[in-house]
Amino acid sequence: MSLNAEIRGQLFNYLLRHADDRLVLGHRLSEWCGHGPMLEEDLALANIALDLIGQASLFYKLAAETEANGRSEDDLAFLRDSAEFRNLQLVEQPNGDFAYTIARQFFFDVYDVLFLEQLSLSTEAEISAIGAKALKEAQYHLRHTQQWMLRLGDGTEESHRRLQDAVDDLWRFTQEMFVPDELDHTLTAEVIAPDLETLRSSWQESVEQTLREATLELPEDSQYMTSGSRGGYHTEHLGYLLAEMQVMQRTHPGAAW
Amino acid sequence: MRMKMEKNTTAENEEKMPLWEVFSQAKSGKPHTHVGSLHAPDGTMALQNARDAYARRGSASLWVVPAEAIIASTPEDSPMFFDPAEDKVYRHPQFYKIPRSVRL
Amino acid sequence: MESQPHIRDISGNTALDEAQRVKRFEERIQAGERIEPKDWMPDVYRRQLTRMISQHAHSEVVGMYPEGNWITRAPTLRRKLGLLAKVQDECGHGLYLYCAAETLGVDRSDLTDELLSGKAKYASIFNYPTLSWADIGVIGWLVDGAAIINQTPLAKCSYGPYARAMVHICKEESFHLKQGYEIVTKLAQGNSAQKEMVQESVNRWWWPVLMMFGPSDSDSSNSEDLMRWKVKLFSNDSLRQRFVNGSVAQAKAVKLTLPDPDLRFNEESGNWDYGTINWDEFWQVVKGHGPCNRERMRMSRKKHNDGRWVREAARAYSARHPEK
Ligand SMILES: [Fe+2]
Ligand SMILES: [Fe+2]
């Protein structure tokens, strides 16, 4: 990459936030392994988790190369604290029941397909390559979660109630996905990163359509909406997730695995 | 027949999920071959489940078919179905003699 | 497993009497033919196979818990991916095997029922806890290694659907074994804490792994029929011996000690002789009194119960939205 030092620094931070999204969400999904509603769904959730953690690895690797400071992708994943993590608060939310996991995944997948479509057009070749690879995976994830949104929303009274509760509860995490910060603006101007604001209306439209088809109600926007994820502000859940995930690296500094 | 158990502990009384047979094409141009089966409520989910269960290490195309839609010959059909084919030598090119010097 | 096969067999056909049918069936097996779901088979064969395949399926599925226990704590991204993919494979194995069992005329839900009620057994090895990261390596190396030795012959067993499932499974198992041995190697070459961790793990798993091959041949019931019908191709003791012989060299290569003072090479037989297995422990665990039997059953029941409303929803939706 032939970018100036300042942009490189920004790019490093940018790659981290998208790596963190994928690692944290993949980690959450991996917690389902062996506990899904059917064996068939255990396989499906593990596949999505593997895709996401694989994408995280690619983003971390590129971030480490961009930083060129001797840190590896594992250092980035396992040796940063909660305040240094830049993932969306949406993805760190605990799994809850299957409806909660599906709603969380659905909100993310709709965003992710839109985001990756744009990212794959990045002028930075390595970034667009990751975007293009991840896009194919995300499109499948969305197809899968969309089917479950319909089945749970329009399934039984119980499943409808559970999914509506999940949608209502998670709604507050969805809007900050489309609020660009300084970093986004800079990299969008360089045609490296997507313009998040342009994704919002497509996301809204797509989500509304699925909710309608699933006989669910669209939550209102007036409640508390989260912000600050990209600056390192999180919910209480991330600390526990990281404590568990990082335990081996923290307990045995410098060991190779 | 079943052991006594706590309520809601088992699959008892739960309606069964339909069974689907899965066929996978290993590579484009190859035939679809039977690779196994799975349970799913409908074809859409069966196809997605087939992808996750049977195509994790690659596939070019997948079919799912309701297991009950397959109509198969039975072992007692075998003699009348298949034995008569065995002596129809005139269906094979080796049955016909042509001059050695000619290439067809 | 009293339920009627959903596939027709020719037991209603009276042209042949039972003895003649058994004779023809055994001749086919001797000739190396495979028995397929619709073929006539003795009831005992059907019952034994259903029991074997479903126990095998339960083992794969329950086997997800001990290893799943470390997915969220895997120390690197590469290990996390490898372990998750491995445990996912085990889930797939369970699914392939339930499907093979279903060709014998049972439904997966009935088999699940038997597992959850405690009537069906699963491999006793999965009733031991995973206490350190090294256990993940050692399980891949020894437990999957033992499973491969147990299962490879089954790919040639007489029942077609089981044999085909085993071909599929054995292909995937070789990745599990390598994944495990690589972890073990890394730890054995690591710092002192890691070396200690992996040796301690080998010490804990070695004997339970030897028990995976089942009771000694002298105590193994109904082996004879199973051997004649090519459902079982080698005796428990011969498979166990093959495993011990292989493990000795593998342990030595990474400077690990197998915790058996009686282990020594027997020039005469060409085998590694090993000490006495604690069969009391084995039977205790089989009967439900191992360290984790309760946890494993509790998780299995929870999985099933928590998923019920989801399965109901999926069925209700499909009923309301027919695809054709
Ligand atoms: Fe397995
Ligand atoms: Fe395995």
# chains A, B, ... in the order shown; residues from 1 in each chain; ligands from 1
$ interface_residues --of "chain A" --to "chain C" --cutoff "7 Å" --atoms "only C-alpha atoms" --output "ChimeraX atom specification"
/A:27,31,33-39,43,46,50,57,74,151-152,154-156,159,244-249,255-257
$ write_last_selection --atoms "N, CA and C atoms" --output "mmCIF file, in the first residue's frame"
data_model
loop_
_atom_site.group_PDB
_atom_site.id
_atom_site.type_symbol
_atom_site.label_atom_id
_atom_site.label_comp_id
_atom_site.auth_asym_id
_atom_site.auth_seq_id
_atom_site.Cartn_x
_atom_site.Cartn_y
_atom_site.Cartn_z
ATOM 1 N N HIS A 27 -17.615 -15.139 17.733
ATOM 2 C CA HIS A 27 -17.439 -15.741 19.048
ATOM 3 C C HIS A 27 -18.801 -16.038 19.681
ATOM 4 N N GLU A 31 -20.652 -19.853 20.579
ATOM 5 C CA GLU A 31 -21.190 -20.325 21.864
ATOM 6 C C GLU A 31 -22.400 -21.242 21.660
ATOM 7 N N CYS A 33 -22.534 -23.674 19.557
ATOM 8 C CA CYS A 33 -22.120 -24.978 19.044
ATOM 9 C C CYS A 33 -22.499 -26.101 20.019
ATOM 10 N N GLY A 34 -23.383 -26.964 19.594
ATOM 11 C CA GLY A 34 -23.844 -28.056 20.445
ATOM 12 C C GLY A 34 -25.127 -27.737 21.196
ATOM 13 N N HIS A 35 -25.633 -26.518 21.055
ATOM 14 C CA HIS A 35 -26.816 -26.135 21.826
ATOM 15 C C HIS A 35 -27.979 -25.668 20.950
ATOM 16 N N GLY A 36 -27.856 -25.829 19.647
ATOM 17 C CA GLY A 36 -28.881 -25.335 18.717
ATOM 18 C C GLY A 36 -30.160 -26.150 18.768
ATOM 19 N N PRO A 37 -31.226 -25.619 18.156
ATOM 20 C CA PRO A 37 -32.533 -26.289 18.212
ATOM 21 C C PRO A 37 -32.609 -27.597 17.424
ATOM 22 N N MET A 38 -31.741 -27.765 16.443
ATOM 23 C CA MET A 38 -31.644 -29.028 15.700
ATOM 24 C C MET A 38 -30.187 -29.188 15.303
ATOM 25 N N LEU A 39 -29.754 -30.416 15.076
ATOM 26 C CA LEU A 39 -28.370 -30.621 14.631
ATOM 27 C C LEU A 39 -28.104 -29.810 13.365
ATOM 28 N N LEU A 43 -25.027 -26.957 12.722
ATOM 29 C CA LEU A 43 -24.088 -26.890 11.596
ATOM 30 C C LEU A 43 -24.134 -25.514 10.939
ATOM 31 N N ALA A 46 -22.560 -22.763 13.175
ATOM 32 C CA ALA A 46 -21.102 -22.918 13.217
ATOM 33 C C ALA A 46 -20.490 -22.430 11.908
ATOM 34 N N LEU A 50 -17.741 -19.577 11.660
ATOM 35 C CA LEU A 50 -16.443 -19.804 11.000
ATOM 36 C C LEU A 50 -16.176 -18.746 9.936
ATOM 37 N N SER A 57 -9.934 -12.711 10.900
ATOM 38 C CA SER A 57 -8.504 -13.009 10.729
ATOM 39 C C SER A 57 -7.918 -12.205 9.576
ATOM 40 N N ASP A 74 -3.029 -12.239 16.136
ATOM 41 C CA ASP A 74 -3.452 -12.758 17.433
ATOM 42 C C ASP A 74 -3.227 -11.737 18.548
ATOM 43 N N ARG A 151 -39.877 -17.629 9.638
ATOM 44 C CA ARG A 151 -40.414 -18.792 10.325
ATOM 45 C C ARG A 151 -40.748 -18.524 11.785
ATOM 46 N N LEU A 152 -39.912 -17.743 12.429
ATOM 47 C CA LEU A 152 -40.188 -17.445 13.841
ATOM 48 C C LEU A 152 -41.274 -16.380 13.951
ATOM 49 N N ASP A 154 -43.665 -15.623 11.805
ATOM 50 C CA ASP A 154 -44.946 -16.120 11.323
ATOM 51 C C ASP A 154 -45.098 -17.607 11.638
ATOM 52 N N GLY A 155 -44.518 -18.050 12.742
ATOM 53 C CA GLY A 155 -44.573 -19.462 13.117
ATOM 54 C C GLY A 155 -45.687 -19.721 14.104
ATOM 55 N N THR A 156 -45.345 -19.808 15.369
ATOM 56 C CA THR A 156 -46.355 -19.995 16.408
ATOM 57 C C THR A 156 -46.491 -18.697 17.196
ATOM 58 N N SER A 159 -43.266 -18.247 19.182
ATOM 59 C CA SER A 159 -42.085 -17.805 18.435
ATOM 60 C C SER A 159 -42.253 -16.356 18.009
ATOM 61 N N GLU A 244 -13.031 -14.229 28.858
ATOM 62 C CA GLU A 244 -13.067 -15.647 28.513
ATOM 63 C C GLU A 244 -12.210 -15.919 27.277
ATOM 64 N N MET A 245 -12.392 -15.106 26.271
ATOM 65 C CA MET A 245 -11.705 -15.341 25.010
ATOM 66 C C MET A 245 -10.197 -15.198 25.141
ATOM 67 N N GLN A 246 -9.750 -14.279 25.993
ATOM 68 C CA GLN A 246 -8.324 -13.950 26.043
ATOM 69 C C GLN A 246 -7.580 -14.681 27.150
ATOM 70 N N VAL A 247 -8.277 -15.538 27.872
ATOM 71 C CA VAL A 247 -7.684 -16.087 29.102
ATOM 72 C C VAL A 247 -6.349 -16.803 28.874
ATOM 73 N N MET A 248 -6.241 -17.556 27.802
ATOM 74 C CA MET A 248 -4.998 -18.316 27.603
ATOM 75 C C MET A 248 -3.825 -17.388 27.294
ATOM 76 N N GLN A 249 -4.054 -16.443 26.431
ATOM 77 C CA GLN A 249 -2.989 -15.507 26.057
ATOM 78 C C GLN A 249 -2.578 -14.643 27.249
ATOM 79 N N ALA A 255 3.614 -17.216 25.088
ATOM 80 C CA ALA A 255 3.635 -18.630 24.685
ATOM 81 C C ALA A 255 3.112 -18.786 23.263
ATOM 82 N N ALA A 256 3.621 -19.803 22.578
ATOM 83 C CA ALA A 256 3.113 -20.099 21.231
ATOM 84 C C ALA A 256 2.144 -21.269 21.325
ATOM 85 N N TRP A 257 1.115 -21.250 20.524
ATOM 86 C CA TRP A 257 0.057 -22.266 20.631
ATOM 87 C C TRP A 257 -0.103 -23.063 19.366
#
$ residues_around --residues "Leu116 of chain A" --least-positions-apart "3" --cutoff "12 Å" --atoms "only C-alpha atoms" --output "short mmCIF file (atom, residue, chain, number, x, y, z; two decimals) with C-alpha atoms, in the first residue's frame"
data_model
loop_
_atom_site.label_atom_id
_atom_site.label_comp_id
_atom_site.auth_asym_id
_atom_site.auth_seq_id
_atom_site.Cartn_x
_atom_site.Cartn_y
_atom_site.Cartn_z
CA HIS A 18 -14.44 -4.26 11.22
CA GLN A 55 -13.08 -12.67 7.98
CA PHE A 108 -26.10 -7.34 11.22
CA ASP A 109 -26.40 -9.38 8.02
CA VAL A 110 -28.57 -6.80 6.25
CA TYR A 111 -26.01 -4.14 7.15
CA ASP A 112 -23.09 -6.38 6.30
CA VAL A 113 -24.21 -7.21 2.77
CA LEU A 119 -16.19 -2.26 0.53
CA SER A 120 -15.50 -4.57 -2.37
CA LEU A 121 -15.32 -1.41 -4.53
CA SER A 122 -12.57 0.08 -2.36
CA ILE A 127 -9.47 -4.30 1.16
CA SER A 128 -11.65 -4.79 -1.86
CA ALA A 129 -10.46 -8.41 -2.05
CA ILE A 130 -11.52 -9.09 1.54
CA GLY A 131 -14.79 -7.30 0.84
CA ALA A 132 -15.52 -9.44 -2.20
CA LYS A 133 -14.73 -12.68 -0.40
CA ALA A 134 -16.74 -11.76 2.67
CA LEU A 135 -19.67 -10.54 0.59
CA LYS A 136 -20.40 -14.01 -0.78
CA GLU A 137 -20.45 -15.38 2.74
CA ALA A 138 -22.61 -12.56 4.07
CA GLN A 139 -25.16 -13.04 1.31
CA ALA A 193 -14.28 3.07 2.71
CA PRO A 194 -18.03 3.07 2.05
CA ASP A 195 -20.16 6.07 2.87
CA LEU A 196 -22.20 4.65 5.74
CA LEU A 199 -26.51 2.48 3.37
#
$ interface_residues --of "chain B" --to "chain A" --cutoff "9 Å" --atoms "only C-alpha atoms" --output "PDB file with N, CA and C atoms, in the first residue's frame"
ATOM      1  N   LEU B  38     -31.390 -35.660   5.679  1.00  0.00           N
ATOM      2  CA  LEU B  38     -31.503 -34.749   6.823  1.00  0.00           C
ATOM      3  C   LEU B  38     -32.980 -34.463   7.085  1.00  0.00           C
ATOM      4  N   HIS B  39     -33.242 -33.788   8.191  1.00  0.00           N
ATOM      5  CA  HIS B  39     -34.616 -33.398   8.520  1.00  0.00           C
ATOM      6  C   HIS B  39     -34.768 -31.893   8.372  1.00  0.00           C
ATOM      7  N   ALA B  40     -35.873 -31.484   7.816  1.00  0.00           N
ATOM      8  CA  ALA B  40     -36.161 -30.059   7.692  1.00  0.00           C
ATOM      9  C   ALA B  40     -37.660 -29.892   7.527  1.00  0.00           C
ATOM     10  N   THR B  44     -37.085 -25.242   1.326  1.00  0.00           N
ATOM     11  CA  THR B  44     -36.144 -24.116   1.436  1.00  0.00           C
ATOM     12  C   THR B  44     -35.118 -24.385   2.530  1.00  0.00           C
ATOM     13  N   MET B  45     -35.607 -24.793   3.685  1.00  0.00           N
ATOM     14  CA  MET B  45     -34.693 -25.055   4.791  1.00  0.00           C
ATOM     15  C   MET B  45     -33.885 -26.323   4.531  1.00  0.00           C
ATOM     16  N   GLN B  48     -30.942 -25.358   2.466  1.00  0.00           N
ATOM     17  CA  GLN B  48     -29.921 -24.649   3.247  1.00  0.00           C
ATOM     18  C   GLN B  48     -29.201 -25.606   4.195  1.00  0.00           C
ATOM     19  N   ASN B  49     -29.976 -26.492   4.819  1.00  0.00           N
ATOM     20  CA  ASN B  49     -29.350 -27.460   5.719  1.00  0.00           C
ATOM     21  C   ASN B  49     -28.422 -28.400   4.963  1.00  0.00           C
ATOM     22  N   ALA B  50     -28.821 -28.749   3.744  1.00  0.00           N
ATOM     23  CA  ALA B  50     -27.986 -29.639   2.932  1.00  0.00           C
ATOM     24  C   ALA B  50     -26.657 -28.965   2.646  1.00  0.00           C
ATOM     25  N   ARG B  51     -26.722 -27.682   2.384  1.00  0.00           N
ATOM     26  CA  ARG B  51     -25.495 -26.925   2.124  1.00  0.00           C
ATOM     27  C   ARG B  51     -24.581 -26.990   3.348  1.00  0.00           C
ATOM     28  N   ASP B  52     -25.154 -26.805   4.532  1.00  0.00           N
ATOM     29  CA  ASP B  52     -24.323 -26.771   5.728  1.00  0.00           C
ATOM     30  C   ASP B  52     -23.872 -28.160   6.174  1.00  0.00           C
ATOM     31  N   ALA B  53     -24.694 -29.175   5.874  1.00  0.00           N
ATOM     32  CA  ALA B  53     -24.340 -30.519   6.337  1.00  0.00           C
ATOM     33  C   ALA B  53     -23.479 -31.277   5.330  1.00  0.00           C
ATOM     34  N   ARG B  56     -19.855 -28.749   3.128  1.00  0.00           N
ATOM     35  CA  ARG B  56     -18.859 -27.957   3.868  1.00  0.00           C
ATOM     36  C   ARG B  56     -17.488 -28.032   3.220  1.00  0.00           C
TER      37      ARG B  56
END
$ atom_distance --atom1 "atom CA of Ala46 of chain B" --atom2 "atom CA of Val22 of chain B"
8.7 Å
$ select_by_dssp --residues "chain B" --states "helix (DSSP H, G or I)" --output "number ranges by chain"
B: 43-54, 67-69, 75-87, 89-91, 93-95
$ residues_near_ligand --ligand "ligand 2" --cutoff "12 Å" --atoms "only C-alpha atoms and all ligand atoms" --output "number ranges by chain"
C: 56-57, 59-64, 67, 82-94, 136-137, 139-151, 166, 168-180
$ atom_distance --atom1 "atom CA of Met149 of chain A" --atom2 "atom CA of Glu213 of chain A"
9.0 Å
$ closest_residue --among "C:Val285, C:Leu154, C:Leu97, C:Leu49" --to "chain B" --atoms "only C-alpha atoms"
C:Leu97
$ closest_residue --among "C:Arg51, C:Arg296, C:Lys38, C:Lys252" --to "chain B" --atoms "only C-alpha atoms"
C:Lys38
$ atom_distance --atom1 "atom CA of Asn69 of chain A" --atom2 "atom CA of Gly239 of chain A"
25.8 Å
